[in-house]
Structure formats: C-alpha cells, structure tokens
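Worksheet: the structure to be examined is printed underneath.
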Amino acid sequence: MVFIRKNVDMKIAFRTDASIQIGTGHVMRCLTLAEELRNRRVEIQFICRAHQGHMADLIAAEGFQVHLLPAQEHAAEITDGHKEDYAIWLGATQEEDVQQTKNALGSCYPDWFIVDHYGLDIQWENALQPYVTKIMVIDDLANRKHNCDLLFDQNFSLDFDNRYSGLLPEQCDKLIGPRYALLRPEYIQFRRTMNDRGGEIKRVLVFLGGSDNVNLTGMTLDALSVPELAHLEVDVIVGTNNPYRGEIAMKVKLRPNSHLHGPRPHLADLMSKADLAIGGGGGTTWERMCLGLPSIVICLAENQKPACEAISREGLVQYAGTWKQLTKTALAENIIALCESQELMDFQSKICQSTVDGWGAKRIAEFLRPSSKKDLYLRPARTDDALLYYGWVNDSAVRQNAFNSELLFLNNYLEWFEKRNADTDTYMFVLMARDLPVGQIKFELQNNEAVIDYSLDRIVRGRGWGRELVRIGTNMLNNIRPAVIPGCFKRENYEFLAAFMRLGFDDKALQGAAQLSIAILSDKKSWINTHLPRLVQSWLNKGHKVLWVHEKESLLQADFCFYLSYGQIVPFRILNMFKHNLVVHESDLPRGKGWSPLTWQILEGKKQVPVTMIEADEKVDSGPVYAQEWINLQGDELVEEIRAEQAEATIRLCEKFVTEYPQILNTAKDQTGEGSFYPRRKPENSRLDPDKSLREQFNLLRVVDNNRYPAFFNLHGLKYTLTVEKTEN
C-alpha cells in the first residue's frame with residue numbers, strides 16, 4: 001500500500017516491530033507519535049519485520065505507508081553483542097537488517113529516522129547514518145551505546161541525568177521521563193472531562209499487555225473472584241496477540257459484573273470509569289497515571305523492573321512484584337488492602353496526574369517539527385490547567401528564579417491556583433504553540449502596576465519565545481485592563497529580566513518616550529549579576545530604555561554600552577553600535593590594567609583601591625577616564641563583602657555617567673604615567689603554603705571564592721580544600 005499526502009515538507013521513517021514475543025507496545029507508541037507528526041504536515045513511513053503478530057495491517061489502516069521486511073527462520077540462533085533475548089527479537093543480524101532497511105527506504109532520505117527496537121544499537125545506527133539526516137532512538141533500557149541526535153526514554157527514573165551516561169554522543173539531545181510519554185490525544189480529552197473518583201473502589205480495569213503469554217489475566221480474574229472482591233465490577237481487555245482468549249472469555253462469562261473487551265485503539269474511556277487498574281509495567285503505566293487511575297503494577301518483563309521499582313518508591317503505584325513471584329492469593333490480598341485505603345487512592349490519583357499530563361507526544365512532535373512564532377497565541381487559564389502550571393512551577397530551572405524556590409506541595413498549590421484564577425486582580429494565560437501548551441504568564445495587579453511572572457516549557461526554551469510571550473501577554477492585558485507594567489522579579493532572574501529589557505527596546509507601547517537607550521553586557525556567570533537589577537530598575541524608573549544581555553551578539557544599537565565584568569574582546573563592529581562604550585576597572589589606570597585588579601591589590605596589602613570609569617579604546621584599559629571612586633577596606637572583609645563594595649562603587653559610577661551626560665564628557669582625562677598589567681587569575685593562585693601561618697596568608701583567604709576557586713594546600717601527597725567563612729565572636 002502506498003499512501004500519498006500532499007503539501008508535506010518533512011519526511012520521517014520509523015523502524016519498529018511487534019510480535020507475540022515483543023508485544024504491541026513499541027508499534028502502538030510509534031503510531032501515536034506518527035499521528036501527531038502527520039498533523040504537522042510530515043510524510044510518514046514504517047519499516048517492520050514480518051514476525052507473527054507484526055501489526056502491519058493496523059499501521060496501514062491508520063493511513064501510513066508500511067514496508068515489511070522478511071521473517072527469517074534462523075532468528076533464534078542470532079546474537080548481536082548485547083542481550084541475547086533482544087537480538088532474537090530482531091529476527092536477523094544487524095547487518096542484514098541494515099541492508100533490508102536501506103532497500104525499503106529506496107531513494108527516500110528521511111529528515112528523521114525514528115528507531116524503537118531493543119535489538120538495534122550503535123552498530124546499526126552507524127551504518128544508517130549516511131542515508132538519513134538525523135536519528136532519534138526510543139529506548140527504555142539504557143543498556144547499550146547509541147549514535148543518535150535525540151534519545152527519548154519515557155520511563156520514570158530516580159537518576160534521570162545520569163541514566164545514559166557514557167552511552168550517547170556528547171551533542172545528543174535527551175528527552176527523558178514520563179512527561180514525554182507517548183499517549184494518544186484521547187487521554188487528554190478524558191482527563192479534562194472525567195469526574196473525581198473519590199477514593200472508593202467499585203470498578204476495576206484489567207489489562208496485562210497485548211500478548212500475555214503466561215495468562216496473568218486469567219490469574220487476576222481468579223483473584224478478583226474471591227468472596228471479598230466478588231462485588232466489584234470488572235473490565236477485562238484481551239490484547240491482539242493473547243493466546244488465551246477463549247479461556248479468559250469463559251472466566252469472564254462465569255464471573256458476575258464482568259465485561260470482556262477486545263483490541264481497541266485506546267483505553268481512555270475504560271480507564272476514566274475505573275477506580276483501580278491491574279496492569280503491567282509497560283506503556284499503559286503512563287496512560288493510567290495520566291488519568292489518575294490508582295494501579296497495582298506487575299512487572300511483565302525484565303526491562304520493566306527498574307521503572308516499576310522507581311515509581312513504587314515514589315508512591316505512585318502499588319507494586320506487586322514480577323509475574324514469576326506473584327500468586328492469586330497475594331494479588332487478592334493487595335486488592336483487598338487497597339479497597340480499605342481510600343485516602344491513599346486519592347493521593348495516588350493526584351500525584352500520578354501531576355507526573356504524567358498527557359502532552360508527551362505533542363512535545364516530541366514539537367521538538368522534531370518546531371512551531372514558528374506565528375503559531376503562538378495566548379488563551380485564558382482554565383481550572384484544569386492547575387496541574388499543567390504545577391509542572392512548570394516545579395521545574396528545577398523555574399524554581400531557581402521564583403520568589404518561593406521551595407518545591408511546592410501539590411495540595412497547597414492546587415488550592416492557591418484555584419484562588420488566584422478566581423481573583424479579579426490576577427490574570428493568568430497559557431501560551432499555546434498550535435495545540436500544545438508551552439508556557440504561562442501571570443499578571444497580578446497592585447496599585448495599577450502589574451507584577452509579572454512567566455515560564456516556558458523546557459521543550460521550547462532557547463528559541464527567543466520568552467520575549468514574544470511577554471509582548472503578547474502585555475498587549476492582551478492592556479486590551480483587557482490597561483496598566484503600567486514595569487515588572488517585578490527576583491534579582492537573580494536574569495533570563496526574565498533580559499527578555500523584558502530587550503522587549504523594551506523594540507516595543508514603545510511598554511514605555512513612554514525614553515530619554516536614553518542603554519545597554520549592559522556582562523558575563524552570564526559573573527558575580528556582579530546579582531547587583532545589576534537594581535541599576536537596571538533605577539534607569540527604567542527614570543524613563544530610559546535598558547537592554548541587559550550576556551552575549552555580544554545579542555546587543556542592539558543604543559546610546560551607551562556598559563561592559564561590566566565582561567571578559568571577552570569586543571570587536572569594532574560592536575563598539576560602533578554605540579556613542580560611548582564604558583568600562584569600569586578597579587585600579588588607578590594606567591597602573592593595574594588587566595585581570596582581577598582588585599584581588600591583586602588586596603594581595604599586595606592595599607586597603608584603599610580606586611575604581612575607574614573609562615571609555616573603551618583600541619588598546620585594553622587605555623581609554624580616557626571619566627570618573628573615579630575609592631573603595632575603603634578595613635582588612636577583615638571576605639570576598640562577598642569585597643564584591644559588595646565593588647558593586648556599589650560600580651553602580652555609582654554608571655549612574656553618575658548617565659545622570660551627568662553629556663556634561664561629563666568635558667571632564668574626560670587621558671591616562672598618564674607608566675602602566676602595569678595584572679595577569680589572569682587561575683585556580684592555582686588559590687594555593688596555600690602549609691609551612692606558612694594563616695596570618696601570613698590571610699589576604700589570600702579573603703579573596704578566594706569558596707565555590708569557584710577555593711583555597712587549598714597539598715600535604716602528604718593529598719590535596720586539602722578549605723572553606724572560609726566569617727562569624728561573630
């Protein structure tokens with residue numbers, strides 16, 4: 001069958017298999033992703049091997065082109081370097097599979113080749129690289145090396161960051177965790193409309209995979225038939241490749257209040273009605289969690305065990321162990337215990353929904369086929385957005401930039417969200433990229449000023465959408481309720497501040513006619529960044545336009561640019577964008593040019609250090625001097641106190657130049673006298689001499705940074721690091 005779709009501008013191929021041994025999960029999740037990609041004008045084709053139970057008819061029925069590779073009789077004898085069972089699943093050697101896959105591709109060179117197969121690894125991927133643009137691997141095992149551009153693993157892990165350490169290329173992107181779980185759109189739809197369960201168990205859903213070769217379904221029905229559980233209504237799903245269909249049908253017929261269901265495109269409707277599920281640890285785990293369905297989970301295969309144990313430790317499911325260990329009696333006892341634990345069931349329902357929100361397939365499609373800014377729009381936040389917001393707020397990067405950086409408790413947050421969304425002085429919006437929610441912006445009106453909070457989903461960060469979100473949001477708010485919007489933010493929230501400031505350069509609607517346009521360029525990791533928001537806000541309050549960035553390429557043309565703790569050479573093409581380029585240097589120039597002059601002078605024993613503002617010149621630290629401040633030290637200050645004094649002097653000089661401009665230009669003086677130059681400080685410069693006293697080396701202890709370059713000494717062949725803190729006697 002050949003499926004032709006017009007108006008496509010991307011081609012993606014899938015290599016995945018289904019069989020009685022493999023099961024149906026790999027094909028089903030690939031179909032879910034394929035459907036999302038087709039909605040984005042992507043041409044899709046599948047390449048599958050003709051195992052018994054291959055599901056090619058279903059793939060074709062969904063409207064996708066499918067190529068069947070031949071089944072091979074000698075498959076059971078094949079091994080390929082990692083787990084023998086998974087190599088057998090492939091049904092060929094990797095070399096044979098490569099050649100057959102290349103033949104199936106023909107002259108089609110996909111933009112992405114998506115591989116979902118435990119029997120394939122770096123050997124296969126290396127061989128296919130010349131025939132594709134990029135490779136995405138779907139994996140659950142983290143047991144072999146890959147050569148791919150994107151790795152997706154929807155499993156829950158207690159060590160997401162290190163799960164694939166040493167197994168992937170350095171430049172490989174990773175989408176790991178159940179927030180990316182490949183669920184059909186029906187799960188989002190039923191999630192929005194279903195009623196709360198209330199914790200009482202009345203109806204049970206049983207589904208133990210598309211194959212269930214050991215008939216766990218039959219044993220589960222036996223457990224549900226004990227007298228204590230006979231009153232429960234039970235829905236039983238029998239998968240496509242289940243060899244015990246007849247026996248199970250008979251047990252369902254003999255048990256009152258039981259219903260048998262055959263293969264179906266999704267289980268969302270049955271899950272939304274159920275109060276408890278009994279299922280395997282595969283892909284349906286995330287479907288159940290998305291709908292907040294409390295579950296007893298049975299590990300059906302060795303590859304499911306780590307995820308089952310991890311979600312059990314987090315209290316997300318009741319883990320019954322592996323299928324080999326489970327008995328009818330033990331399973332019945334588990335069910336009975338849960339029937340008496342309504343509070344636990346209610347907790348599991350909420351926490352599961354906060355872990356898996358159902359948007360995973362659309363997130364991955366967004367990564368593979370990104371939306372453009374013209375696809376962005378805002379909609380008002382709804383009550384059912386609470387858990388979506390909760391996920392954004394509890395993202396680790398977002399929490400670092402929030403007023404309350406503590407991990408929020410779910411129930412408290414849901415209560416807060418409900419109150420905020422009903423507050424007439426609070427306006428909450430969700431940013432949509434086509435049909436995917438990708439961020440939020442919230443305005444809280446206080447005395448006719450709007451305090452702004454926003455966050456973007458990690459899947460779309462780095463695209464410049466923060467600026468667009470602020471622009472769309474402020475325009476929408478002004479249409480609803482005009483307000484002055486200077487913004488309020490935590491000082492360390494540089495990303496927010498930079499986006500907001502940059503927006504001010506381009507959108508005159510945000511501010512009145514500015515007196516001056518001012519740019520600030522600082523290193524992204526510089527200590528001075530914690531002090532600069534006060535300077536920026538001061539200039540904004542005086543009506544100036546301000547842009548603060550950390551990359552010289554991000555600068556826009558302005559009157560002035562202040563280079564504050566910025567350690568890179570700035571080319572003339574950048575300098576020429578500004579009337580004046582200002583540098584603040586902590587020395588009595590021309591003496592003390594170069595790196596870290598304040599630190600070097602403290603090491604020299606100085607207690608009075610000049611801070612000088614100069615015009616940037618062709619030669620480093622050689623321009624005319626506009627103004628000078630002096631830092632007076634007592635001799636007991638540590639690095640944070642010294643930096644605070646340095647920042648205060650820097651801010652005063654910056655404000656002086658802007659306030660007294662243009663008259664200050666008349667005070668410029670050329671540097672005179674013999675110059676000197678300080679070298680760049682290195683970690684080695686924090687070395688202590690163990691044979692000298694602390695008093696002798698106290699100035700070195702004062703200037704070391706406990707985090708970036710701590711004081712240390714070597715003794716007895718070992719290195720010892722010191723942390724220096726000041727306390728009152």
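Convention: chains lettered A, B, ... in structure tokens order; per-chain residue numbering from 1; ligands numbered from 1 as shown.
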
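Excluding Leu291 of chain A itself and any same-chain residue fewer than 3 positions from it, the protein and nucleic acid residues within 7 Å of it, counting only C-alpha atoms, are Tyr187, Arg191, Ser272, Glu287, Arg288 and Gln353 of chain A.
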
Run DSSP on the backbone and grab whatever in segment 133-335 of chain A lands in strand (DSSP E); send it over as a JSON list (two decimals) with N, CA and C atoms, in the first residue's frame.
```
[["chain", "number", "residue", "atom", "x", "y", "z"],
["A", 134, "LYS", "N", 18.88, 12.85, 10.41],
["A", 134, "LYS", "CA", 19.04, 12.70, 11.85],
["A", 134, "LYS", "C", 18.39, 11.41, 12.31],
["A", 135, "ILE", "N", 18.89, 10.88, 13.43],
["A", 135, "ILE", "CA", 18.33, 9.65, 14.01],
["A", 135, "ILE", "C", 17.82, 9.94, 15.42],
["A", 136, "MET", "N", 16.62, 9.48, 15.70],
["A", 136, "MET", "CA", 16.05, 9.51, 17.04],
["A", 136, "MET", "C", 15.89, 8.07, 17.52],
["A", 137, "VAL", "N", 16.34, 7.79, 18.71],
["A", 137, "VAL", "CA", 16.20, 6.46, 19.30],
["A", 137, "VAL", "C", 15.19, 6.52, 20.44],
["A", 138, "ILE", "N", 14.23, 5.61, 20.41],
["A", 138, "ILE", "CA", 13.32, 5.42, 21.54],
["A", 138, "ILE", "C", 13.84, 4.20, 22.30],
["A", 150, "LEU", "N", 18.93, 12.37, 18.95],
["A", 150, "LEU", "CA", 17.93, 12.54, 20.00],
["A", 150, "LEU", "C", 17.64, 11.18, 20.62],
["A", 151, "LEU", "N", 17.64, 11.13, 21.94],
["A", 151, "LEU", "CA", 17.28, 9.93, 22.69],
["A", 151, "LEU", "C", 16.04, 10.22, 23.50],
["A", 152, "PHE", "N", 15.03, 9.38, 23.33],
["A", 152, "PHE", "CA", 13.78, 9.53, 24.08],
["A", 152, "PHE", "C", 13.55, 8.28, 24.91],
["A", 153, "ASP", "N", 13.33, 8.47, 26.21],
["A", 153, "ASP", "CA", 13.03, 7.38, 27.13],
["A", 153, "ASP", "C", 11.94, 7.88, 28.06],
["A", 173, "ASP", "N", 20.72, 15.25, 22.07],
["A", 173, "ASP", "CA", 19.65, 15.77, 22.93],
["A", 173, "ASP", "C", 18.94, 14.60, 23.60],
["A", 174, "LYS", "N", 18.41, 14.85, 24.81],
["A", 174, "LYS", "CA", 17.72, 13.79, 25.56],
["A", 174, "LYS", "C", 16.37, 14.30, 26.03],
["A", 175, "LEU", "N", 15.34, 13.51, 25.79],
["A", 175, "LEU", "CA", 14.01, 13.75, 26.34],
["A", 175, "LEU", "C", 13.68, 12.53, 27.19],
["A", 176, "ILE", "N", 13.81, 12.69, 28.50],
["A", 176, "ILE", "CA", 13.72, 11.54, 29.40],
["A", 176, "ILE", "C", 12.67, 11.80, 30.47],
["A", 203, "ARG", "N", -14.99, -0.25, 40.65],
["A", 203, "ARG", "CA", -14.81, -0.82, 39.31],
["A", 203, "ARG", "C", -13.31, -0.98, 39.04],
["A", 204, "VAL", "N", -12.93, -2.15, 38.51],
["A", 204, "VAL", "CA", -11.53, -2.50, 38.30],
["A", 204, "VAL", "C", -11.29, -2.77, 36.81],
["A", 205, "LEU", "N", -10.18, -2.25, 36.32],
["A", 205, "LEU", "CA", -9.77, -2.48, 34.94],
["A", 205, "LEU", "C", -8.58, -3.42, 34.92],
["A", 206, "VAL", "N", -8.65, -4.45, 34.07],
["A", 206, "VAL", "CA", -7.57, -5.44, 33.97],
["A", 206, "VAL", "C", -7.05, -5.45, 32.54],
["A", 207, "PHE", "N", -5.76, -5.13, 32.38],
["A", 207, "PHE", "CA", -5.12, -5.25, 31.08],
["A", 207, "PHE", "C", -3.64, -5.55, 31.31],
["A", 233, "GLU", "N", -17.13, -4.52, 39.99],
["A", 233, "GLU", "CA", -17.36, -4.60, 38.55],
["A", 233, "GLU", "C", -15.99, -4.61, 37.88],
["A", 234, "VAL", "N", -15.82, -5.46, 36.87],
["A", 234, "VAL", "CA", -14.50, -5.66, 36.27],
["A", 234, "VAL", "C", -14.59, -5.54, 34.75],
["A", 235, "ASP", "N", -13.67, -4.75, 34.18],
["A", 235, "ASP", "CA", -13.49, -4.67, 32.73],
["A", 235, "ASP", "C", -12.17, -5.37, 32.39],
["A", 236, "VAL", "N", -12.22, -6.32, 31.46],
["A", 236, "VAL", "CA", -11.04, -7.09, 31.07],
["A", 236, "VAL", "C", -10.76, -6.84, 29.60],
["A", 237, "ILE", "N", -9.52, -6.43, 29.30],
["A", 237, "ILE", "CA", -9.12, -6.21, 27.90],
["A", 237, "ILE", "C", -8.18, -7.34, 27.50],
["A", 258, "SER", "N", -18.76, -8.73, 35.11],
["A", 258, "SER", "CA", -17.50, -8.70, 34.38],
["A", 258, "SER", "C", -17.78, -8.48, 32.89],
["A", 259, "HIS", "N", -16.89, -7.74, 32.23],
["A", 259, "HIS", "CA", -17.09, -7.37, 30.83],
["A", 259, "HIS", "C", -15.79, -7.63, 30.07],
["A", 260, "LEU", "N", -15.90, -8.29, 28.93],
["A", 260, "LEU", "CA", -14.73, -8.60, 28.11],
["A", 260, "LEU", "C", -14.65, -7.62, 26.95],
["A", 261, "HIS", "N", -13.45, -7.09, 26.72],
["A", 261, "HIS", "CA", -13.22, -6.14, 25.63],
["A", 261, "HIS", "C", -12.05, -6.64, 24.79],
["A", 276, "LEU", "N", -9.69, 1.44, 39.99],
["A", 276, "LEU", "CA", -8.42, 0.75, 40.22],
["A", 276, "LEU", "C", -8.08, -0.03, 38.96],
["A", 277, "ALA", "N", -6.78, -0.07, 38.63],
["A", 277, "ALA", "CA", -6.32, -0.86, 37.49],
["A", 277, "ALA", "C", -5.33, -1.90, 37.96],
["A", 278, "ILE", "N", -5.34, -3.03, 37.29],
["A", 278, "ILE", "CA", -4.31, -4.05, 37.48],
["A", 278, "ILE", "C", -3.66, -4.25, 36.13],
["A", 279, "GLY", "N", -2.38, -3.92, 36.04],
["A", 279, "GLY", "CA", -1.75, -3.94, 34.73],
["A", 279, "GLY", "C", -0.25, -4.14, 34.80],
["A", 280, "GLY", "N", 0.35, -4.21, 33.63],
["A", 280, "GLY", "CA", 1.79, -4.39, 33.52],
["A", 280, "GLY", "C", 2.54, -3.08, 33.67],
["A", 295, "SER", "N", -3.16, 2.14, 40.67],
["A", 295, "SER", "CA", -2.84, 0.89, 39.99],
["A", 295, "SER", "C", -2.06, -0.07, 40.87],
["A", 296, "ILE", "N", -2.34, -1.35, 40.64],
["A", 296, "ILE", "CA", -1.45, -2.42, 41.07],
["A", 296, "ILE", "C", -0.66, -2.83, 39.84],
["A", 297, "VAL", "N", 0.65, -2.70, 39.91],
["A", 297, "VAL", "CA", 1.51, -2.93, 38.74],
["A", 297, "VAL", "C", 2.28, -4.23, 38.91],
["A", 298, "ILE", "N", 2.28, -5.02, 37.85],
["A", 298, "ILE", "CA", 3.02, -6.28, 37.81],
["A", 298, "ILE", "C", 4.12, -6.14, 36.76],
["A", 299, "CYS", "N", 5.33, -6.46, 37.12],
["A", 299, "CYS", "CA", 6.44, -6.42, 36.17],
["A", 299, "CYS", "C", 6.33, -7.62, 35.24],
["A", 318, "GLN", "N", 1.08, 0.77, 43.46],
["A", 318, "GLN", "CA", 1.30, -0.38, 44.34],
["A", 318, "GLN", "C", 1.99, -1.44, 43.51],
["A", 319, "TYR", "N", 3.21, -1.78, 43.85],
["A", 319, "TYR", "CA", 3.99, -2.71, 43.05],
["A", 319, "TYR", "C", 3.82, -4.12, 43.61],
["A", 320, "ALA", "N", 3.34, -5.04, 42.76],
["A", 320, "ALA", "CA", 3.08, -6.42, 43.19],
["A", 320, "ALA", "C", 4.25, -7.34, 42.91],
["A", 321, "GLY", "N", 5.34, -6.82, 42.32],
["A", 321, "GLY", "CA", 6.49, -7.64, 42.02],
["A", 321, "GLY", "C", 6.45, -8.18, 40.60],
["A", 322, "THR", "N", 7.31, -9.12, 40.31],
["A", 322, "THR", "CA", 7.37, -9.70, 38.97],
["A", 322, "THR", "C", 6.31, -10.78, 38.81]]
```

When you look at His51 of chain A with a cut-off of 9 Å (counting only C-alpha atoms), what residues show up, excluding the ones that are within fewer than 3 positions of it in the same chain? I need them as a PDB file with N, CA, C and O atoms, in the first residue's frame.
```pdb
ATOM      1  N   ASP A  17       9.045  -2.960  15.571  1.00  0.00           N
ATOM      2  CA  ASP A  17       8.446  -4.281  15.358  1.00  0.00           C
ATOM      3  C   ASP A  17       7.415  -4.599  16.431  1.00  0.00           C
ATOM      4  O   ASP A  17       7.465  -4.066  17.553  1.00  0.00           O
ATOM      5  N   ALA A  18       6.515  -5.502  16.075  1.00  0.00           N
ATOM      6  CA  ALA A  18       5.592  -6.131  17.019  1.00  0.00           C
ATOM      7  C   ALA A  18       5.598  -7.629  16.727  1.00  0.00           C
ATOM      8  O   ALA A  18       5.855  -8.060  15.611  1.00  0.00           O
ATOM      9  N   SER A  19       5.334  -8.419  17.748  1.00  0.00           N
ATOM     10  CA  SER A  19       5.218  -9.874  17.579  1.00  0.00           C
ATOM     11  C   SER A  19       4.615 -10.428  18.860  1.00  0.00           C
ATOM     12  O   SER A  19       4.420  -9.708  19.845  1.00  0.00           O
ATOM     13  N   ILE A  20       4.364 -11.715  18.848  1.00  0.00           N
ATOM     14  CA  ILE A  20       3.857 -12.348  20.063  1.00  0.00           C
ATOM     15  C   ILE A  20       4.879 -12.212  21.186  1.00  0.00           C
ATOM     16  O   ILE A  20       4.531 -11.979  22.349  1.00  0.00           O
ATOM     17  N   CYS A  48       8.868  -2.509   9.200  1.00  0.00           N
ATOM     18  CA  CYS A  48       8.663  -3.522  10.239  1.00  0.00           C
ATOM     19  C   CYS A  48       9.024  -4.896   9.663  1.00  0.00           C
ATOM     20  O   CYS A  48       8.954  -5.118   8.450  1.00  0.00           O
ATOM     21  N   HIS A  54       2.738  -9.058  13.520  1.00  0.00           N
ATOM     22  CA  HIS A  54       3.515  -7.864  13.146  1.00  0.00           C
ATOM     23  C   HIS A  54       2.721  -6.561  13.144  1.00  0.00           C
ATOM     24  O   HIS A  54       3.303  -5.485  13.160  1.00  0.00           O
ATOM     25  N   MET A  55       1.403  -6.557  13.027  1.00  0.00           N
ATOM     26  CA  MET A  55       0.544  -5.378  13.103  1.00  0.00           C
ATOM     27  C   MET A  55       0.649  -4.461  11.884  1.00  0.00           C
ATOM     28  O   MET A  55       0.234  -3.298  11.937  1.00  0.00           O
ATOM     29  N   LEU A  69       9.744  -6.212   6.208  1.00  0.00           N
ATOM     30  CA  LEU A  69      10.975  -6.954   5.986  1.00  0.00           C
ATOM     31  C   LEU A  69      10.680  -8.440   6.172  1.00  0.00           C
ATOM     32  O   LEU A  69       9.821  -8.809   6.975  1.00  0.00           O
ATOM     33  N   PRO A  70      11.385  -9.314   5.482  1.00  0.00           N
ATOM     34  CA  PRO A  70      11.046 -10.748   5.557  1.00  0.00           C
ATOM     35  C   PRO A  70      11.369 -11.355   6.920  1.00  0.00           C
ATOM     36  O   PRO A  70      12.363 -11.009   7.556  1.00  0.00           O
ATOM     37  N   ALA A  71      10.498 -12.244   7.359  1.00  0.00           N
ATOM     38  CA  ALA A  71      10.794 -13.030   8.560  1.00  0.00           C
ATOM     39  C   ALA A  71      11.871 -14.044   8.218  1.00  0.00           C
ATOM     40  O   ALA A  71      11.956 -14.511   7.079  1.00  0.00           O
ATOM     41  N   GLN A  72      12.704 -14.416   9.207  1.00  0.00           N
ATOM     42  CA  GLN A  72      13.791 -15.348   8.942  1.00  0.00           C
ATOM     43  C   GLN A  72      13.739 -16.508   9.925  1.00  0.00           C
ATOM     44  O   GLN A  72      13.629 -16.315  11.141  1.00  0.00           O
ATOM     45  N   GLY A  91      15.125 -10.789  14.709  1.00  0.00           N
ATOM     46  CA  GLY A  91      14.810 -11.730  13.640  1.00  0.00           C
ATOM     47  C   GLY A  91      15.794 -11.716  12.499  1.00  0.00           C
ATOM     48  O   GLY A  91      15.504 -12.234  11.410  1.00  0.00           O
TER      49      GLY A  91
END
```

TODO: Rank A:Val252, A:Leu316, A:Ile472, A:Ala307 by their smallest atom-to-atom distance to Leu344 of chain A, using only C-alpha atoms, and report the top residue only.
DONE: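 Counting only C-alpha atoms, the residue closest to Leu344 of chain A is A:Leu316.
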
Task: Computed interatomic separation between atom CA of Lys362 of chain A and atom CA of Pro178 of chain A (Å) - done: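 Straight-line distance from atom CA of Lys362 of chain A to atom CA of Pro178 of chain A works out to 13.0 Å.
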
TODO: Using DSSP on the backbone, list every residue of segment 614-644 of chain A that comes out as helix (DSSP H, G or I), and give them as number ranges by chain.
DONE: A: 639-644

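In this comparison, which uses only C-alpha atoms, the residue of A:Ala647, A:Ala60, A:Ile518, A:Ala50 approaching Ala92 of chain A most closely is A:Ala50.
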
- [ ] State, in Å with one decimal place, the distance from atom CA of Gln537 of chain A to atom CA of Ser455 of chain A.
- [x] 20.9 Å
